[in-house]
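Notes follow once the structure below has been shown.
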Amino acid sequence: MTSRAVLSAGSNIGDSRAHLQRVVSALGSELRAASSVYLTPPWGGVEQDDFANITIIAEGERTPREWLEFCWEMEREAQRVRDVRWGPRTLDVDVVTVEVDGATVISDDPELTLPHPRAAQRAFVLVPWLEIDPDARLVTPDGELAVTTLIEALDPDEVAGVRRAGAAG
Ligand SMILES: Nc1ncnc2c1ncn2[C@@H]1O[C@H](COP(=O)(O)OP(=O)(O)OP(=O)(O)O)[C@@H](O)[C@H]1O
Ligand SMILES: Nc1nc2c(c(=O)[nH]1)N=C(CO)CN2
């Protein structure tokens with residue numbers, strides 16, 4: 001079984017670039033592509049510092065659940081404290097979507113919902129993803145859509161707020 005995961009990582013506490021870089025490094029030979037680091041205004045209505053975000057493509061023999069466990073492990077290592085929903089954090093790693101043997105995995109399990117139910121609304125996920133995969137597509141409740149189409153549907157100010165800040169690392 002070969003699986004391909006798109007992961008989104010964000011940080012707005014501490015050395016954000018270092019937190020993101022550790023995720024990239026931890027993937028080792030499973031890393032296929034990592035976007036530049038983007039500085040992004042906070043999404044979700046909580047007043048807080050801007051985030052640094054990256055989107056990553058990884059490939060390996062992991063099940064979807066094992067990709068989630070990788071995300072948890074990364075968050076644990078960054079000593080993330082669960083506090084305010086959509087609030088500040090040292091590191092947040094989400095599984096955006098997983099393909100197993102070329103087919104998109106669909107799951108409504110609250111512990112691992114796939115594709116991630118809010119990814120289509122998040123410029124901080126989609127813009128970096130497009131950088132590393134110009135043909136990226138996401139399965140949404142409205143069908144499978146090109147990431148470019150999803151970005152066009154977002155608030156242009158939100159998209160413009162996602163600023164490339166240089167290579168990861
Ligand atoms: N696709 C997914 N990727 C990561 N976590 C998920 C996913 N689907 C469900 N979850 C569950 O969501 C729980 C809460 O995640 P987390 O605290 O990172 O949420 P959040 O970052 O505040 O919000 P959001 O889910 O909107 O990014 C996780 O413990 C995990 O079990
Ligand atoms: N720009 C941006 N906003 C967020 C982010 C994030 O990674 N980037 N993560 C959040 C946690 O769910 C809430 N809001």
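Residues are referred to by chain and number: the chain letter is A, B, ... according to the order shown in the structure tokens, the number counts from 1 in that chain, and ligands are numbered separately from 1 in the order shown.
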Could you please extract the residues within 8 Å of ligand 1, counting only C-alpha atoms and all ligand atoms, and hand them back as a ChimeraX atom specification? /A:68,71-72,82,84-87,92-97,109-118
Mind dumping the selected residues with C-alpha atoms as an mmCIF file, in the first residue's frame?
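Final output, saved to result-v5.cif:
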```cif
data_model
loop_
_atom_site.group_PDB
_atom_site.id
_atom_site.type_symbol
_atom_site.label_atom_id
_atom_site.label_comp_id
_atom_site.auth_asym_id
_atom_site.auth_seq_id
_atom_site.Cartn_x
_atom_site.Cartn_y
_atom_site.Cartn_z
ATOM 1 C CA LEU A 68 -2.390 11.479 11.833
ATOM 2 C CA CYS A 71 1.100 14.859 13.142
ATOM 3 C CA TRP A 72 0.349 14.218 16.815
ATOM 4 C CA ARG A 82 -4.379 22.526 23.827
ATOM 5 C CA VAL A 84 -8.269 27.984 22.765
ATOM 6 C CA ARG A 85 -9.809 26.479 19.611
ATOM 7 C CA TRP A 86 -8.120 28.086 16.629
ATOM 8 C CA GLY A 87 -5.913 29.942 19.120
ATOM 9 C CA ASP A 92 -0.374 22.474 14.525
ATOM 10 C CA VAL A 93 -0.088 19.742 11.917
ATOM 11 C CA ASP A 94 -3.203 18.660 10.029
ATOM 12 C CA VAL A 95 -3.798 15.959 7.462
ATOM 13 C CA VAL A 96 -5.373 17.756 4.501
ATOM 14 C CA THR A 97 -5.974 14.731 2.286
ATOM 15 C CA ASP A 109 -14.537 9.897 11.723
ATOM 16 C CA PRO A 110 -14.241 12.953 14.053
ATOM 17 C CA GLU A 111 -10.764 11.789 15.048
ATOM 18 C CA LEU A 112 -9.666 11.774 11.407
ATOM 19 C CA THR A 113 -11.971 13.485 8.958
ATOM 20 C CA LEU A 114 -10.700 13.287 5.385
ATOM 21 C CA PRO A 115 -10.284 15.370 3.402
ATOM 22 C CA HIS A 116 -9.888 17.948 6.182
ATOM 23 C CA PRO A 117 -13.301 19.660 6.365
ATOM 24 C CA ARG A 118 -11.916 23.198 6.576
#
```
Given 6 Å and only C-alpha atoms and all ligand atoms, residues near ligand 2 as number ranges by chain: A: 10, 40-44, 51, 53, 86-87, 124
Now that the selection is made, can you save its residues with N, CA and C atoms as a PDB file, in the first residue's frame?
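Output saved as out-v2.pdb:
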```pdb
ATOM      1  N   GLY A  10       1.388  24.717  10.875  1.00  0.00           N
ATOM      2  CA  GLY A  10       1.351  26.138  11.219  1.00  0.00           C
ATOM      3  C   GLY A  10       1.891  26.351  12.619  1.00  0.00           C
ATOM      4  N   THR A  40       1.000  34.326   7.483  1.00  0.00           N
ATOM      5  CA  THR A  40      -0.433  34.349   7.204  1.00  0.00           C
ATOM      6  C   THR A  40      -1.210  34.953   8.364  1.00  0.00           C
ATOM      7  N   PRO A  41      -2.197  35.799   8.065  1.00  0.00           N
ATOM      8  CA  PRO A  41      -3.014  36.355   9.149  1.00  0.00           C
ATOM      9  C   PRO A  41      -3.822  35.242   9.817  1.00  0.00           C
ATOM     10  N   PRO A  42      -4.090  35.374  11.107  1.00  0.00           N
ATOM     11  CA  PRO A  42      -4.824  34.309  11.804  1.00  0.00           C
ATOM     12  C   PRO A  42      -6.210  34.084  11.207  1.00  0.00           C
ATOM     13  N   TRP A  43      -6.518  32.827  10.970  1.00  0.00           N
ATOM     14  CA  TRP A  43      -7.833  32.417  10.439  1.00  0.00           C
ATOM     15  C   TRP A  43      -8.669  31.934  11.623  1.00  0.00           C
ATOM     16  N   GLY A  44      -9.936  32.231  11.644  1.00  0.00           N
ATOM     17  CA  GLY A  44     -10.802  31.651  12.654  1.00  0.00           C
ATOM     18  C   GLY A  44     -11.319  32.611  13.705  1.00  0.00           C
ATOM     19  N   PHE A  51       0.595  33.691  11.707  1.00  0.00           N
ATOM     20  CA  PHE A  51       1.193  32.356  11.698  1.00  0.00           C
ATOM     21  C   PHE A  51       2.273  32.268  10.620  1.00  0.00           C
ATOM     22  N   ASN A  53       3.180  29.285   8.013  1.00  0.00           N
ATOM     23  CA  ASN A  53       2.544  28.050   7.521  1.00  0.00           C
ATOM     24  C   ASN A  53       3.332  27.439   6.370  1.00  0.00           C
ATOM     25  N   TRP A  86      -8.627  27.177  17.652  1.00  0.00           N
ATOM     26  CA  TRP A  86      -8.120  28.086  16.629  1.00  0.00           C
ATOM     27  C   TRP A  86      -7.268  29.204  17.235  1.00  0.00           C
ATOM     28  N   GLY A  87      -6.748  28.958  18.443  1.00  0.00           N
ATOM     29  CA  GLY A  87      -5.913  29.942  19.120  1.00  0.00           C
ATOM     30  C   GLY A  87      -4.441  29.710  18.843  1.00  0.00           C
ATOM     31  N   PHE A 124      -4.285  29.709   3.812  1.00  0.00           N
ATOM     32  CA  PHE A 124      -2.961  29.346   4.337  1.00  0.00           C
ATOM     33  C   PHE A 124      -2.592  27.896   4.048  1.00  0.00           C
TER      34      PHE A 124
END
```
For CA of Arg122 (chain A) and CA of Gly60 (chain A), determine how far apart the two atoms are, in Å to one decimal place. 25.6 Å
From a backbone DSSP assignment, name each residue in region 99-150 of chain A labelled strand (DSSP E), as an NGL selection string. :A and (99-100 or 103-104 or 107-109 or 112-114 or 137-140 or 143-146)
What separation in Å, quoted to one decimal, exists between CA of Thr63 (chain A) and CA of Ala33 (chain A)? 19.2 Å
Determine, counting only C-alpha atoms, which protein, DNA and RNA residues have an atom within 10 Å of an atom of Ala165 (chain A); residues of the same chain fewer than 6 positions away are not included. Present the result as an MDAnalysis selection string. chainID A and resid 36:40 52:53
Excluding Gln21 (chain A) and residues on its chain fewer than 4 positions from it, collect all residues at most 10 Å away from it, counting only C-alpha atoms, and give them as a list in words. Ala9, Ser16, Arg17, Ser25, Ala26, Ala34, Val37, Ile54, Ala168 and Gly169 of chain A
CA of Thr140 (chain A) to CA of Met1 (chain A), straight-line distance in Å: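 Spanning CA of Met1 (chain A) to CA of Thr140 (chain A) is a straight-line distance of 24.0 Å.
Using only C-alpha atoms, the shortest contact distance between Thr90 (chain A) and any of A:Gly166, A:Pro134, A:Gly45, A:Gly14 is found at A:Gly14.
Counting only C-alpha atoms and comparing A:Glu99, A:Asp49, A:Glu73, A:Glu66, the residue that lies closest to Val6 (chain A) is A:Glu99.
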Which of A:Val81, A:Ile13, A:Ala120, A:Leu126 sits closest to Glu144 (chain A) [using only C-alpha atoms]: A:Ala120
Using only C-alpha atoms, the best pick from A:Thr148, A:Glu158, A:Ser11, A:Ile56 as closest to Glu75 (chain A) would be A:Ser11
